[in-house]
Amino acid sequence: MFRKMRRSPQALSHEEIIDVLKKETRGVLSVQGDDGYPYGVPINHYYDEETGKLYFHGANFGHRVDAIKRDPKVSYCVFGQEFQKEGDWAKYVKSVIIFGKTELIEDMDEIIRVSRLICTKFPCTQEYIENEVAKDAHRTLCFAINIEDINGKLVHEA
């Protein structure tokens, strides 16, 4: 069902893939948008090793929510951890692509849990996190991507 990576020598190990998901804060979520057009939107995420799911949150309405309700299949791309080798003008960058089905999380306890987890990826105080959750949880919707396929690679930009 999912294609194999064409340039397999560039493939990241499972551990490297998880490292990218855990360390990078943002990626691009792509959904099947209106009138068959793809819709990609940058979002913050949290990868939970216990559940093996990728979580994100946002408003409980809008283009992204409508698209996910219509078709839960998504792809998510994360990239970063770039570096340059001495004497090389081009950079190296790690990227991860996830394919899966998204589930809407509407249970308030789970929304609060996921919102707190996402906040831990940023330099926020616990007081700030609790204030934000108390202020916005009632109008927040969380999502989990049930990962069906995942791969990553090290790209040389040359």
# chains A, B, ... in the order shown; residues from 1 in each chain; ligands from 1

call {"tool": "select_by_dssp", "arguments": {"residues": "chain A", "states": "strand (DSSP E)", "output": "ChimeraX atom specification"}}
result
/A:26-32,38-44,46-48,53-59,73-84,91-105,140-156

call {"tool": "closest_atom_pairs", "arguments": {"of": "range 59-115 of chain A", "to": "range 9-23 of chain A", "cutoff": "10 Å", "atoms": "only C-alpha atoms", "output": "tab-separated table"}}
result
residue	atom	partner	partner_atom	distance
A:Cys77	CA	A:Leu21	CA	9.7
A:Val78	CA	A:Leu21	CA	7.1
A:Phe79	CA	A:Val20	CA	7.5
A:Gly80	CA	A:Val20	CA	7.4
A:Gln81	CA	A:Val20	CA	7.5
A:Lys94	CA	A:Val20	CA	7.4
A:Ser95	CA	A:Val20	CA	7.6
A:Val96	CA	A:Ile17	CA	6.4
A:Ile97	CA	A:Ile17	CA	9.2

call {"tool": "write_last_selection", "arguments": {"atoms": "C-alpha atoms", "output": "short mmCIF file (atom, residue, chain, number, x, y, z; two decimals), in the first residue's frame"}}
result
data_model
loop_
_atom_site.label_atom_id
_atom_site.label_comp_id
_atom_site.auth_asym_id
_atom_site.auth_seq_id
_atom_site.Cartn_x
_atom_site.Cartn_y
_atom_site.Cartn_z
CA CYS A 77 6.17 15.92 7.33
CA VAL A 78 8.77 17.01 9.87
CA PHE A 79 12.25 18.21 8.98
CA GLY A 80 15.17 19.75 10.77
CA GLN A 81 18.37 18.92 12.61
CA LYS A 94 16.76 14.98 8.42
CA SER A 95 13.15 14.52 7.38
CA VAL A 96 10.34 12.23 8.49
CA ILE A 97 7.08 11.51 6.70
#

call {"tool": "atom_distance", "arguments": {"atom1": "CA of Asp149 in chain A", "atom2": "CA of Ile98 in chain A"}}
result
5.8 Å

call {"tool": "atom_distance", "arguments": {"atom1": "CA of Ala67 in chain A", "atom2": "CA of Gln32 in chain A"}}
result
6.0 Å

call {"tool": "atom_distance", "arguments": {"atom1": "CA of Ile145 in chain A", "atom2": "CA of Ser75 in chain A"}}
result
9.1 Å

call {"tool": "residues_around", "arguments": {"residues": "Arg139 in chain A", "least_positions_apart": "3", "cutoff": "12 Å", "atoms": "only C-alpha atoms", "output": "list in words"}}
result
His57, Gly58, Ala59, Asn60, Phe61, Glu106, Asp107, Met108, Ile111, Ile112, Ser115, Glu132, Val133, Ala134, Lys135, Asp136 and Cys142 of chain A

call {"tool": "residues_around", "arguments": {"residues": "Arg26 in chain A", "least_positions_apart": "4", "cutoff": "8 Å", "atoms": "only C-alpha atoms", "output": "PyMOL selection string"}}
result
chain A and resi 42-45+78

call {"tool": "closest_residue", "arguments": {"among": "A:Asp34, A:Asp71, A:Asp48, A:Glu157", "to": "Lys85 in chain A", "atoms": "only C-alpha atoms"}}
result
A:Glu157

call {"tool": "select_by_dssp", "arguments": {"residues": "chain A", "states": "alpha helix (DSSP H)", "output": "PyMOL selection string"}}
result
chain A and resi 14-23+63-70+108-119+126-136

call {"tool": "decode", "arguments": {"residues": "range 1-100 of chain A", "atoms": "C-alpha atoms", "output": "compact mmCIF listing (two decimals), in the first residue's frame"}}
result
# COMPACT_ATOMS: atom_id res chain seq x y z
CA MET A 1 0.00 0.00 0.00
CA PHE A 2 2.77 2.46 0.89
CA ARG A 3 5.77 2.96 -1.34
CA LYS A 4 9.24 1.90 -0.29
CA MET A 5 11.86 4.59 -0.02
CA ARG A 6 13.66 4.91 -3.34
CA ARG A 7 16.97 6.04 -1.85
CA SER A 8 17.22 3.51 0.93
CA PRO A 9 20.90 4.24 1.74
CA GLN A 10 19.69 7.61 3.07
CA ALA A 11 17.11 6.00 5.36
CA LEU A 12 17.10 6.94 9.03
CA SER A 13 16.89 4.23 11.65
CA HIS A 14 13.73 3.92 13.73
CA GLU A 15 15.58 5.53 16.66
CA GLU A 16 16.64 8.49 14.50
CA ILE A 17 13.08 8.92 13.24
CA ILE A 18 11.73 9.04 16.79
CA ASP A 19 14.48 11.49 17.76
CA VAL A 20 13.41 13.87 14.97
CA LEU A 21 9.75 13.62 16.02
CA LYS A 22 10.59 14.27 19.66
CA LYS A 23 13.05 17.13 19.14
CA GLU A 24 11.44 19.09 16.33
CA THR A 25 8.43 21.14 17.35
CA ARG A 26 6.69 21.71 14.03
CA GLY A 27 5.74 20.00 10.82
CA VAL A 28 3.28 20.26 7.96
CA LEU A 29 -0.01 18.37 8.13
CA SER A 30 -1.51 17.58 4.74
CA VAL A 31 -5.17 16.70 4.37
CA GLN A 32 -7.58 16.24 1.48
CA GLY A 33 -8.95 19.78 1.30
CA ASP A 34 -11.90 21.35 -0.46
CA ASP A 35 -12.73 20.36 -4.06
CA GLY A 36 -9.96 17.74 -4.12
CA TYR A 37 -7.15 20.21 -3.51
CA PRO A 38 -4.52 19.17 -0.97
CA TYR A 39 -4.32 21.41 2.07
CA GLY A 40 -1.07 21.64 4.01
CA VAL A 41 -0.84 23.54 7.27
CA PRO A 42 2.12 24.02 9.61
CA ILE A 43 1.38 22.84 13.15
CA ASN A 44 3.04 21.97 16.45
CA HIS A 45 3.10 18.31 17.45
CA TYR A 46 3.96 15.88 20.23
CA TYR A 47 5.05 12.31 19.62
CA ASP A 48 4.07 9.97 22.45
CA GLU A 49 6.30 6.90 22.60
CA GLU A 50 3.88 5.11 24.94
CA THR A 51 0.97 5.22 22.49
CA GLY A 52 3.02 5.41 19.28
CA LYS A 53 0.79 8.28 18.15
CA LEU A 54 1.49 11.82 17.05
CA TYR A 55 -0.72 14.46 18.65
CA PHE A 56 -1.62 18.01 17.71
CA HIS A 57 -4.29 20.48 18.72
CA GLY A 58 -6.15 23.52 17.46
CA ALA A 59 -9.48 25.22 17.21
CA ASN A 60 -12.57 23.02 17.16
CA PHE A 61 -13.66 24.34 13.74
CA GLY A 62 -12.13 25.35 10.42
CA HIS A 63 -10.71 23.99 7.17
CA ARG A 64 -8.45 21.40 8.83
CA VAL A 65 -11.24 20.04 11.05
CA ASP A 66 -13.72 19.87 8.15
CA ALA A 67 -11.18 18.03 5.99
CA ILE A 68 -10.31 15.49 8.71
CA LYS A 69 -13.98 14.80 9.40
CA ARG A 70 -14.52 14.22 5.68
CA ASP A 71 -11.42 12.00 5.26
CA PRO A 72 -9.19 11.04 8.19
CA LYS A 73 -6.24 10.03 5.98
CA VAL A 74 -3.33 12.45 6.39
CA SER A 75 0.37 12.81 5.84
CA TYR A 76 2.66 14.72 8.14
CA CYS A 77 6.17 15.92 7.33
CA VAL A 78 8.77 17.01 9.87
CA PHE A 79 12.25 18.21 8.98
CA GLY A 80 15.17 19.75 10.77
CA GLN A 81 18.37 18.92 12.61
CA GLU A 82 20.31 20.41 9.74
CA PHE A 83 24.09 20.48 9.74
CA GLN A 84 26.93 21.21 7.40
CA LYS A 85 30.10 19.21 6.94
CA GLU A 86 33.32 21.19 6.91
CA GLY A 87 34.22 22.30 3.39
CA ASP A 88 30.76 21.50 2.00
CA TRP A 89 28.49 24.35 0.91
CA ALA A 90 25.33 22.27 1.00
CA LYS A 91 23.56 21.31 4.19
CA TYR A 92 22.25 17.99 5.41
CA VAL A 93 18.76 17.79 6.86
CA LYS A 94 16.76 14.98 8.42
CA SER A 95 13.15 14.52 7.38
CA VAL A 96 10.34 12.23 8.49
CA ILE A 97 7.08 11.51 6.70
CA ILE A 98 4.12 9.89 8.42
CA PHE A 99 1.01 8.45 6.80
CA GLY A 100 -1.95 7.58 8.96
